[in-house]
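What follows is the content of structure_7.cif (mmCIF, C-alpha atoms and all ligand atoms).
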data_my_file
#
loop_
_atom_site.group_PDB
_atom_site.id
_atom_site.type_symbol
_atom_site.label_atom_id
_atom_site.label_comp_id
_atom_site.auth_asym_id
_atom_site.auth_seq_id
_atom_site.Cartn_x
_atom_site.Cartn_y
_atom_site.Cartn_z
ATOM 1 C CA MET A 12 13.670 -13.357 -16.240
ATOM 2 C CA SER A 13 17.070 -11.754 -16.509
ATOM 3 C CA LEU A 14 20.207 -12.847 -14.687
ATOM 4 C CA LEU A 15 21.115 -9.223 -14.019
ATOM 5 C CA PRO A 16 19.025 -7.327 -11.512
ATOM 6 C CA GLU A 17 16.798 -4.686 -13.080
ATOM 7 C CA ARG A 18 18.036 -1.148 -12.745
ATOM 8 C CA VAL A 19 16.586 0.857 -9.865
ATOM 9 C CA GLU A 20 15.442 4.381 -10.805
ATOM 10 C CA LEU A 21 17.082 6.868 -8.415
ATOM 11 C CA LYS A 22 15.183 10.147 -8.079
ATOM 12 C CA THR A 23 16.604 13.634 -7.657
ATOM 13 C CA PRO A 24 15.397 15.779 -4.722
ATOM 14 C CA GLU A 25 13.316 17.797 -7.231
ATOM 15 C CA GLN A 26 11.643 14.613 -8.488
ATOM 16 C CA ILE A 27 10.997 13.470 -4.914
ATOM 17 C CA ALA A 28 9.321 16.823 -4.239
ATOM 18 C CA VAL A 29 6.877 16.121 -7.100
ATOM 19 C CA MET A 30 6.351 12.574 -5.808
ATOM 20 C CA ARG A 31 5.535 14.132 -2.446
ATOM 21 C CA ARG A 32 2.837 16.261 -4.097
ATOM 22 C CA SER A 33 1.472 13.104 -5.692
ATOM 23 C CA GLY A 34 1.574 11.234 -2.364
ATOM 24 C CA LYS A 35 0.081 14.069 -0.367
ATOM 25 C CA LEU A 36 -2.905 14.340 -2.698
ATOM 26 C CA LEU A 37 -3.354 10.568 -2.434
ATOM 27 C CA HIS A 38 -3.307 10.919 1.365
ATOM 28 C CA ARG A 39 -6.111 13.490 1.089
ATOM 29 C CA VAL A 40 -8.090 11.153 -1.189
ATOM 30 C CA HIS A 41 -7.798 8.421 1.461
ATOM 31 C CA ASP A 42 -8.915 10.867 4.176
ATOM 32 C CA MET A 43 -11.943 11.786 2.048
ATOM 33 C CA LEU A 44 -12.795 8.108 1.498
ATOM 34 C CA ALA A 45 -12.451 7.362 5.234
ATOM 35 C CA GLU A 46 -15.182 9.902 5.933
ATOM 36 C CA HIS A 47 -17.556 8.116 3.545
ATOM 37 C CA ILE A 48 -17.086 4.591 4.870
ATOM 38 C CA ARG A 49 -20.302 3.470 6.537
ATOM 39 C CA PRO A 50 -22.865 0.668 6.193
ATOM 40 C CA GLY A 51 -24.843 1.025 2.953
ATOM 41 C CA ILE A 52 -22.280 2.769 0.757
ATOM 42 C CA THR A 53 -21.187 0.675 -2.213
ATOM 43 C CA THR A 54 -17.595 0.203 -3.310
ATOM 44 C CA ASP A 55 -18.616 1.617 -6.724
ATOM 45 C CA GLN A 56 -19.652 4.838 -4.973
ATOM 46 C CA LEU A 57 -16.293 5.036 -3.176
ATOM 47 C CA ASP A 58 -14.538 4.480 -6.513
ATOM 48 C CA THR A 59 -16.479 7.341 -8.138
ATOM 49 C CA LEU A 60 -15.684 9.673 -5.227
ATOM 50 C CA ALA A 61 -11.957 8.933 -5.587
ATOM 51 C CA HIS A 62 -12.015 9.275 -9.357
ATOM 52 C CA ASP A 63 -13.791 12.640 -9.239
ATOM 53 C CA MET A 64 -11.499 14.070 -6.560
ATOM 54 C CA ILE A 65 -8.318 12.964 -8.376
ATOM 55 C CA ARG A 66 -9.596 14.516 -11.627
ATOM 56 C CA ASP A 67 -10.805 17.694 -9.921
ATOM 57 C CA GLU A 68 -7.316 18.161 -8.476
ATOM 58 C CA GLY A 69 -5.805 17.906 -11.966
ATOM 59 C CA ALA A 70 -4.169 14.516 -11.335
ATOM 60 C CA THR A 71 -4.603 11.190 -13.144
ATOM 61 C CA PRO A 72 -5.631 7.851 -11.597
ATOM 62 C CA ASN A 73 -2.926 5.263 -12.331
ATOM 63 C CA PHE A 74 -4.838 2.039 -11.660
ATOM 64 C CA LEU A 75 -7.588 2.784 -14.210
ATOM 65 C CA GLY A 76 -6.649 0.993 -17.437
ATOM 66 C CA TYR A 77 -3.468 -0.509 -15.944
ATOM 67 C CA GLN A 78 -3.214 -3.865 -17.725
ATOM 68 C CA GLY A 79 -6.918 -3.448 -18.392
ATOM 69 C CA TYR A 80 -7.861 -2.798 -14.744
ATOM 70 C CA PRO A 81 -11.427 -1.344 -14.818
ATOM 71 C CA ALA A 82 -11.500 1.060 -11.833
ATOM 72 C CA THR A 83 -9.712 3.869 -9.980
ATOM 73 C CA LEU A 84 -9.386 1.901 -6.737
ATOM 74 C CA CYS A 85 -8.928 -1.681 -5.677
ATOM 75 C CA ILE A 86 -11.394 -2.348 -2.838
ATOM 76 C CA SER A 87 -10.978 -5.676 -1.104
ATOM 77 C CA VAL A 88 -13.710 -6.662 1.365
ATOM 78 C CA ASN A 89 -13.363 -9.313 4.109
ATOM 79 C CA GLU A 90 -11.823 -12.477 2.622
ATOM 80 C CA VAL A 91 -10.686 -10.626 -0.501
ATOM 81 C CA ILE A 92 -7.002 -9.897 0.108
ATOM 82 C CA VAL A 93 -6.043 -7.545 -2.727
ATOM 83 C CA HIS A 94 -7.141 -6.263 -6.147
ATOM 84 C CA GLY A 95 -10.886 -6.464 -5.453
ATOM 85 C CA ILE A 96 -12.876 -4.664 -8.171
ATOM 86 C CA PRO A 97 -15.435 -2.122 -6.924
ATOM 87 C CA ASP A 98 -19.065 -3.211 -7.393
ATOM 88 C CA ASP A 99 -22.622 -2.406 -6.316
ATOM 89 C CA ARG A 100 -22.560 -4.413 -3.085
ATOM 90 C CA PRO A 101 -23.281 -2.198 -0.056
ATOM 91 C CA LEU A 102 -20.811 -2.354 2.814
ATOM 92 C CA GLN A 103 -22.090 -3.869 6.050
ATOM 93 C CA GLU A 104 -21.333 -3.225 9.707
ATOM 94 C CA GLY A 105 -18.193 -5.128 10.707
ATOM 95 C CA ASP A 106 -16.824 -5.522 7.157
ATOM 96 C CA ILE A 107 -13.062 -5.187 6.738
ATOM 97 C CA VAL A 108 -12.423 -2.936 3.735
ATOM 98 C CA SER A 109 -8.972 -2.461 2.228
ATOM 99 C CA ILE A 110 -8.842 0.482 -0.162
ATOM 100 C CA ASP A 111 -5.839 0.737 -2.477
ATOM 101 C CA GLY A 112 -5.383 3.714 -4.792
ATOM 102 C CA GLY A 113 -2.827 5.630 -6.744
ATOM 103 C CA LEU A 114 -2.382 8.674 -8.931
ATOM 104 C CA ILE A 115 0.017 10.560 -11.169
ATOM 105 C CA ILE A 116 1.121 14.213 -10.981
ATOM 106 C CA GLU A 117 3.484 15.491 -13.693
ATOM 107 C CA GLY A 118 4.417 11.911 -14.536
ATOM 108 C CA TRP A 119 5.212 10.854 -10.947
ATOM 109 C CA HIS A 120 3.248 8.044 -9.344
ATOM 110 C CA SER A 121 1.984 7.416 -5.819
ATOM 111 C CA ASP A 122 0.398 4.238 -4.454
ATOM 112 C CA ALA A 123 -1.108 3.730 -0.985
ATOM 113 C CA ALA A 124 -3.658 1.538 0.795
ATOM 114 C CA ARG A 125 -5.570 1.662 4.081
ATOM 115 C CA THR A 126 -7.764 -0.917 5.780
ATOM 116 C CA HIS A 127 -10.933 0.155 7.600
ATOM 117 C CA ILE A 128 -13.485 -1.656 9.729
ATOM 118 C CA VAL A 129 -17.029 -0.521 8.902
ATOM 119 C CA GLY A 130 -18.714 0.600 12.125
ATOM 120 C CA ALA A 131 -18.181 -1.707 15.097
ATOM 121 C CA PRO A 132 -15.656 -4.525 14.696
ATOM 122 C CA ARG A 133 -17.135 -8.020 14.547
ATOM 123 C CA SER A 134 -14.441 -9.523 16.756
ATOM 124 C CA SER A 135 -11.179 -8.786 18.530
ATOM 125 C CA ALA A 136 -9.516 -11.023 15.924
ATOM 126 C CA ASP A 137 -10.593 -8.543 13.234
ATOM 127 C CA GLU A 138 -9.248 -5.623 15.274
ATOM 128 C CA ASP A 139 -5.957 -7.476 15.800
ATOM 129 C CA LEU A 140 -5.656 -8.186 12.067
ATOM 130 C CA VAL A 141 -6.066 -4.537 11.127
ATOM 131 C CA ARG A 142 -3.841 -3.220 13.918
ATOM 132 C CA ILE A 143 -1.021 -5.698 13.308
ATOM 133 C CA THR A 144 -1.078 -5.100 9.538
ATOM 134 C CA GLY A 145 -0.646 -1.368 10.169
ATOM 135 C CA GLU A 146 2.166 -1.998 12.650
ATOM 136 C CA ALA A 147 3.846 -4.355 10.170
ATOM 137 C CA LEU A 148 3.885 -1.601 7.549
ATOM 138 C CA TRP A 149 5.623 0.782 9.955
ATOM 139 C CA ALA A 150 8.042 -1.938 11.051
ATOM 140 C CA GLY A 151 8.976 -2.316 7.378
ATOM 141 C CA ILE A 152 9.301 1.444 6.901
ATOM 142 C CA ALA A 153 11.439 1.738 10.056
ATOM 143 C CA ALA A 154 13.686 -1.039 8.753
ATOM 144 C CA LEU A 155 14.169 0.888 5.516
ATOM 145 C CA ALA A 156 15.548 3.791 7.578
ATOM 146 C CA THR A 157 18.508 1.751 8.832
ATOM 147 C CA ALA A 158 18.810 -1.253 6.500
ATOM 148 C CA GLU A 159 21.539 -1.822 3.943
ATOM 149 C CA ARG A 160 19.544 -4.072 1.627
ATOM 150 C CA VAL A 161 15.928 -4.077 0.475
ATOM 151 C CA GLY A 162 15.495 -7.676 1.708
ATOM 152 C CA GLN A 163 15.708 -6.461 5.311
ATOM 153 C CA ILE A 164 12.309 -4.763 4.935
ATOM 154 C CA GLY A 165 10.516 -8.082 4.468
ATOM 155 C CA ALA A 166 12.468 -9.628 7.321
ATOM 156 C CA ALA A 167 11.322 -6.818 9.651
ATOM 157 C CA ILE A 168 7.697 -7.204 8.519
ATOM 158 C CA GLU A 169 7.825 -10.964 9.057
ATOM 159 C CA ASP A 170 9.414 -10.591 12.498
ATOM 160 C CA HIS A 171 6.793 -8.086 13.604
ATOM 161 C CA VAL A 172 3.936 -10.343 12.492
ATOM 162 C CA THR A 173 5.452 -13.358 14.230
ATOM 163 C CA ASP A 174 6.020 -11.393 17.452
ATOM 164 C CA ALA A 175 2.562 -9.810 17.456
ATOM 165 C CA ALA A 176 0.423 -12.619 16.053
ATOM 166 C CA GLY A 177 2.356 -15.883 16.388
ATOM 167 C CA GLU A 178 0.821 -18.310 13.917
ATOM 168 C CA THR A 179 -2.603 -16.663 13.833
ATOM 169 C CA LEU A 180 -1.888 -14.532 10.736
ATOM 170 C CA SER A 181 -0.351 -15.537 7.394
ATOM 171 C CA HIS A 182 1.365 -13.532 4.673
ATOM 172 C CA LEU A 183 0.027 -13.491 1.159
ATOM 173 C CA GLU A 184 2.783 -15.397 -0.545
ATOM 174 C CA GLY A 185 3.868 -14.281 -4.001
ATOM 175 C CA PHE A 186 2.712 -10.659 -3.665
ATOM 176 C CA GLY A 187 4.637 -7.682 -2.365
ATOM 177 C CA GLY A 188 5.654 -4.094 -2.796
ATOM 178 C CA HIS A 189 7.751 -2.507 -5.491
ATOM 179 C CA GLY A 190 9.799 0.399 -6.629
ATOM 180 C CA ILE A 191 7.714 3.405 -7.676
ATOM 181 C CA GLY A 192 8.467 6.610 -9.565
ATOM 182 C CA SER A 193 8.001 7.400 -13.260
ATOM 183 C CA ALA A 194 5.951 4.174 -13.347
ATOM 184 C CA MET A 195 3.715 2.602 -10.685
ATOM 185 C CA HIS A 196 5.554 -0.711 -10.643
ATOM 186 C CA GLN A 197 9.336 -0.680 -10.911
ATOM 187 C CA ALA A 198 12.293 -2.676 -9.672
ATOM 188 C CA PRO A 199 13.011 -3.749 -7.021
ATOM 189 C CA ASP A 200 10.469 -6.185 -5.579
ATOM 190 C CA VAL A 201 9.837 -5.518 -1.888
ATOM 191 C CA MET A 202 8.668 -8.764 -0.341
ATOM 192 C CA ASN A 203 6.742 -8.879 2.954
ATOM 193 C CA TYR A 204 8.702 -11.807 4.362
ATOM 194 C CA ARG A 205 12.190 -13.318 4.323
ATOM 195 C CA THR A 206 13.388 -14.685 1.028
ATOM 196 C CA ARG A 207 16.725 -15.978 -0.233
ATOM 197 C CA SER A 208 17.371 -12.672 -1.967
ATOM 198 C CA ARG A 209 19.149 -9.898 -0.054
ATOM 199 C CA GLY A 210 17.842 -7.452 -2.640
ATOM 200 C CA PRO A 211 19.626 -4.376 -3.949
ATOM 201 C CA LYS A 212 21.515 -1.903 -1.778
ATOM 202 C CA ILE A 213 19.394 0.898 -0.324
ATOM 203 C CA ARG A 214 20.515 4.263 -1.683
ATOM 204 C CA PRO A 215 19.279 7.865 -1.542
ATOM 205 C CA GLY A 216 16.830 8.484 -4.358
ATOM 206 C CA MET A 217 15.195 5.064 -4.029
ATOM 207 C CA CYS A 218 11.401 5.185 -3.726
ATOM 208 C CA LEU A 219 9.570 2.061 -2.595
ATOM 209 C CA ALA A 220 5.938 1.063 -2.118
ATOM 210 C CA ILE A 221 5.790 -1.156 0.972
ATOM 211 C CA GLU A 222 2.537 -3.089 1.292
ATOM 212 C CA PRO A 223 2.013 -5.905 3.780
ATOM 213 C CA MET A 224 -1.000 -8.151 3.161
ATOM 214 C CA LEU A 225 -2.067 -10.397 6.042
ATOM 215 C CA ILE A 226 -4.694 -13.114 6.334
ATOM 216 C CA GLN A 227 -6.339 -14.654 9.396
ATOM 217 C CA GLY A 228 -5.436 -18.349 9.625
ATOM 218 C CA PRO A 229 -3.853 -20.144 6.686
ATOM 219 C CA GLY A 230 -2.455 -18.203 3.732
ATOM 220 C CA SER A 231 -4.157 -20.175 0.962
ATOM 221 C CA TRP A 232 -5.742 -18.113 -1.808
ATOM 222 C CA VAL A 233 -7.231 -18.234 -5.309
ATOM 223 C CA LEU A 234 -7.283 -15.825 -8.208
ATOM 224 C CA GLU A 235 -10.918 -15.382 -9.235
ATOM 225 C CA ASP A 236 -12.245 -15.654 -12.794
ATOM 226 C CA ASP A 237 -12.068 -11.873 -13.244
ATOM 227 C CA ASP A 238 -8.252 -12.357 -13.218
ATOM 228 C CA TRP A 239 -7.827 -9.672 -10.529
ATOM 229 C CA THR A 240 -9.577 -10.577 -7.263
ATOM 230 C CA VAL A 241 -7.278 -12.455 -4.869
ATOM 231 C CA ARG A 242 -9.406 -14.259 -2.283
ATOM 232 C CA ALA A 243 -8.400 -16.138 0.859
ATOM 233 C CA THR A 244 -9.689 -19.716 0.911
ATOM 234 C CA GLY A 245 -8.886 -20.691 4.493
ATOM 235 C CA GLY A 246 -11.935 -19.045 6.069
ATOM 236 C CA GLY A 247 -10.140 -15.939 7.366
ATOM 237 C CA ARG A 248 -10.361 -12.290 6.490
ATOM 238 C CA ALA A 249 -7.513 -10.126 5.193
ATOM 239 C CA ALA A 250 -6.008 -6.650 5.480
ATOM 240 C CA HIS A 251 -3.685 -4.659 3.225
ATOM 241 C CA VAL A 252 -1.953 -1.341 3.922
ATOM 242 C CA GLU A 253 0.611 0.494 1.841
ATOM 243 C CA HIS A 254 2.755 3.618 1.776
ATOM 244 C CA SER A 255 5.084 4.987 -0.890
ATOM 245 C CA VAL A 256 8.356 5.982 0.793
ATOM 246 C CA ALA A 257 11.383 7.945 -0.438
ATOM 247 C CA VAL A 258 14.942 7.414 0.785
ATOM 248 C CA THR A 259 16.705 10.798 0.830
ATOM 249 C CA GLU A 260 20.104 12.094 1.996
ATOM 250 C CA GLN A 261 18.230 13.502 5.031
ATOM 251 C CA GLY A 262 16.397 10.284 5.878
ATOM 252 C CA LEU A 263 13.023 8.809 4.990
ATOM 253 C CA LEU A 264 10.050 10.741 3.688
ATOM 254 C CA VAL A 265 6.761 8.822 3.754
ATOM 255 C CA LEU A 266 5.315 10.326 0.592
ATOM 256 C CA THR A 267 1.721 9.194 1.180
ATOM 257 C CA GLU A 268 1.444 10.189 4.863
ATOM 258 C CA GLY A 269 0.076 13.585 5.905
ATOM 259 C CA ASP A 270 3.102 14.517 8.017
ATOM 260 C CA GLY A 271 5.634 12.730 5.817
ATOM 261 C CA GLY A 272 5.852 9.966 8.424
ATOM 262 C CA ALA A 273 7.276 12.263 11.121
ATOM 263 C CA ALA A 274 5.077 11.041 14.007
ATOM 264 C CA GLU A 275 5.186 7.301 13.330
ATOM 265 C CA LEU A 276 8.924 7.401 12.648
ATOM 266 C CA ALA A 277 9.564 9.464 15.818
ATOM 267 C CA ALA A 278 7.673 6.804 17.810
ATOM 268 C CA ARG A 279 10.317 4.379 16.522
ATOM 269 C CA GLY A 280 13.260 6.663 17.318
ATOM 270 C CA ILE A 281 13.725 7.848 13.715
ATOM 271 C CA THR A 282 13.763 11.431 12.442
ATOM 272 C CA ALA A 283 11.907 11.830 9.153
ATOM 273 C CA ALA A 284 13.430 13.851 6.315
ATOM 274 C CA PRO A 285 12.210 17.437 6.056
ATOM 275 C CA ASP A 286 9.018 17.660 4.026
ATOM 276 C CA PRO A 287 9.688 19.595 0.808
ATOM 277 C CA LEU A 288 6.047 20.773 0.870
ATOM 278 C CA ALA A 289 6.030 21.902 4.504
ATOM 279 C CA ALA A 290 7.607 25.311 3.902
ATOM 280 C CA GLY A 291 5.380 26.369 1.029
HETATM 281 N N1 LIG B 301 -1.119 -1.153 -5.184
HETATM 282 C C1 LIG B 301 -1.436 -2.186 -6.125
HETATM 283 C C2 LIG B 301 -0.235 -3.060 -6.294
HETATM 284 O O1 LIG B 301 0.875 -2.584 -6.170
HETATM 285 C C3 LIG B 301 -1.801 -1.624 -7.456
HETATM 286 C C4 LIG B 301 -2.752 -2.495 -8.158
HETATM 287 S S1 LIG B 301 -2.664 -2.234 -9.847
HETATM 288 C C5 LIG B 301 -4.240 -2.396 -10.417
HETATM 289 O O2 LIG B 301 -0.389 -4.232 -6.541
HETATM 290 F F1 LIG B 301 -4.166 -2.517 -11.654
HETATM 291 F F2 LIG B 301 -4.822 -3.415 -9.843
HETATM 292 F F3 LIG B 301 -4.893 -1.346 -10.119
HETATM 293 CO CO CO B 302 1.517 -1.068 -4.710
#
Kindly transcribe the structure held in the file into structure tokens.
Ligand code: MF3
Ligand code: CO
Amino acid sequence: MSLLPERVELKTPEQIAVMRRSGKLLHRVHDMLAEHIRPGITTDQLDTLAHDMIRDEGATPNFLGYQGYPATLCISVNEVIVHGIPDDRPLQEGDIVSIDGGLIIEGWHSDAARTHIVGAPRSSADEDLVRITGEALWAGIAALATAERVGQIGAAIEDHVTDAAGETLSHLEGFGGHGIGSAMHQAPDVMNYRTRSRGPKIRPGMCLAIEPMLIQGPGSWVLEDDDWTVRATGGGRAAHVEHSVAVTEQGLLVLTEGDGGAAELAARGITAAPDPLAAG
């Protein structure tokens, strides 16, 4: 650990335009996967679908081989919080499935996750978990639009979860988002809750992956023997959602959202940056 903060890679508008291509393809991969989620499909099958689509589009999966990671996606079912490895277990009605993926176009990375409920939800607690995790992500993104320091993102996520869920949901402590750009994981860390660090100043050209992870009940967890799977041990299920977001001179661009974040940001009184891909 260094005493000096790691340098944050600031992107040019041209580089952000390529990151938007990367993010927009990833958004389409997630849309494709959403259409295949149903009881009986295995997480291995979803992984193959994502891998083939990314390759067919001329892009490169960035999780595959990352520190030895064996798949294109992380798929985390029910009490698995993050970094679940796809396998041959069929999904069942009511399962909570968090799918995390990423890809590279011309050297520029994207990273995004969605959480789905397979078929009918098992309980209103499961619906609340998934809804509040999604809202927490947008609360964090909205904070980025007006904040001065990266630490304010986690504070906004924490406040939303406390307001919406009281003590019924816990954060996954020790995990968070990150800078993203010419590598998948860059400085700075983007925590999902308040810490003692204010974090670096937010500046145009910064690109951040924001990724709240929430657990029903207590936040206790273990790392499984595969050295990847992070599993809740308090009896609750978990959800994880993520977007890669660019800070530009014209405002925020949600790189991994279909409309660049325009609708969700407008609902929070924020005008998204113009989408560099919208015109052409
Ligand atoms: N979105 C995940 C994260 O930021 C990426 C997982 S890396 C992998 O933690 F190696 F597990 F794929
Ligand atoms: Co990430």
(message) Neighbours of ligand LIG 301 (chain B) at 7 Å or closer, counting only C-alpha atoms and all ligand atoms: which residues, as JSON, numbers by chain?
(response) {"A": [74, 75, 77, 78, 80, 84, 85, 94, 111, 112, 122, 123, 188, 189, 196, 239]}
(message) Can you pull out every residue with an atom within 12 Å of ligand CO 302 (chain B)? Use all atoms listed in the file and format it as a ChimeraX atom specification.
(response) /A:73-74,84-85,93-94,110-114,120-125,186-192,194-198,200-202,218-224,251-256,267
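Taking all atoms listed in the file into account, the residues near (7.8, 4.9, 17.1), no farther than 12 Å, are Glu146, Trp149, Ala150, Ile152, Ala153, Ala154, Gly272, Ala273, Ala274, Glu275, Leu276, Ala277, Ala278, Arg279, Gly280, Ile281, Thr282 and Ala283 of chain A.
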Please expand the PyMOL selection byres (((chain A and resi 27) around 9) and not hetatm) into the concrete residues it hits in this file, giving the result as an mmCIF file with C-alpha atoms, in the coordinates of the input.
data_model
loop_
_atom_site.group_PDB
_atom_site.id
_atom_site.type_symbol
_atom_site.label_atom_id
_atom_site.label_comp_id
_atom_site.auth_asym_id
_atom_site.auth_seq_id
_atom_site.Cartn_x
_atom_site.Cartn_y
_atom_site.Cartn_z
ATOM 1 C CA LYS A 22 15.183 10.147 -8.079
ATOM 2 C CA THR A 23 16.604 13.634 -7.657
ATOM 3 C CA PRO A 24 15.397 15.779 -4.722
ATOM 4 C CA GLU A 25 13.316 17.797 -7.231
ATOM 5 C CA GLN A 26 11.643 14.613 -8.488
ATOM 6 C CA ALA A 28 9.321 16.823 -4.239
ATOM 7 C CA VAL A 29 6.877 16.121 -7.100
ATOM 8 C CA MET A 30 6.351 12.574 -5.808
ATOM 9 C CA ARG A 31 5.535 14.132 -2.446
ATOM 10 C CA ARG A 32 2.837 16.261 -4.097
ATOM 11 C CA TRP A 119 5.212 10.854 -10.947
ATOM 12 C CA GLY A 192 8.467 6.610 -9.565
ATOM 13 C CA GLY A 216 16.830 8.484 -4.358
ATOM 14 C CA CYS A 218 11.401 5.185 -3.726
ATOM 15 C CA ALA A 257 11.383 7.945 -0.438
ATOM 16 C CA THR A 259 16.705 10.798 0.830
ATOM 17 C CA LEU A 266 5.315 10.326 0.592
ATOM 18 C CA PRO A 287 9.688 19.595 0.808
#
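Shortest atom-to-atom contact with Ala289 of chain A among A:Gly95, A:Leu264, A:Arg248, A:Asp106: A:Leu264, counting all atoms listed in the file.
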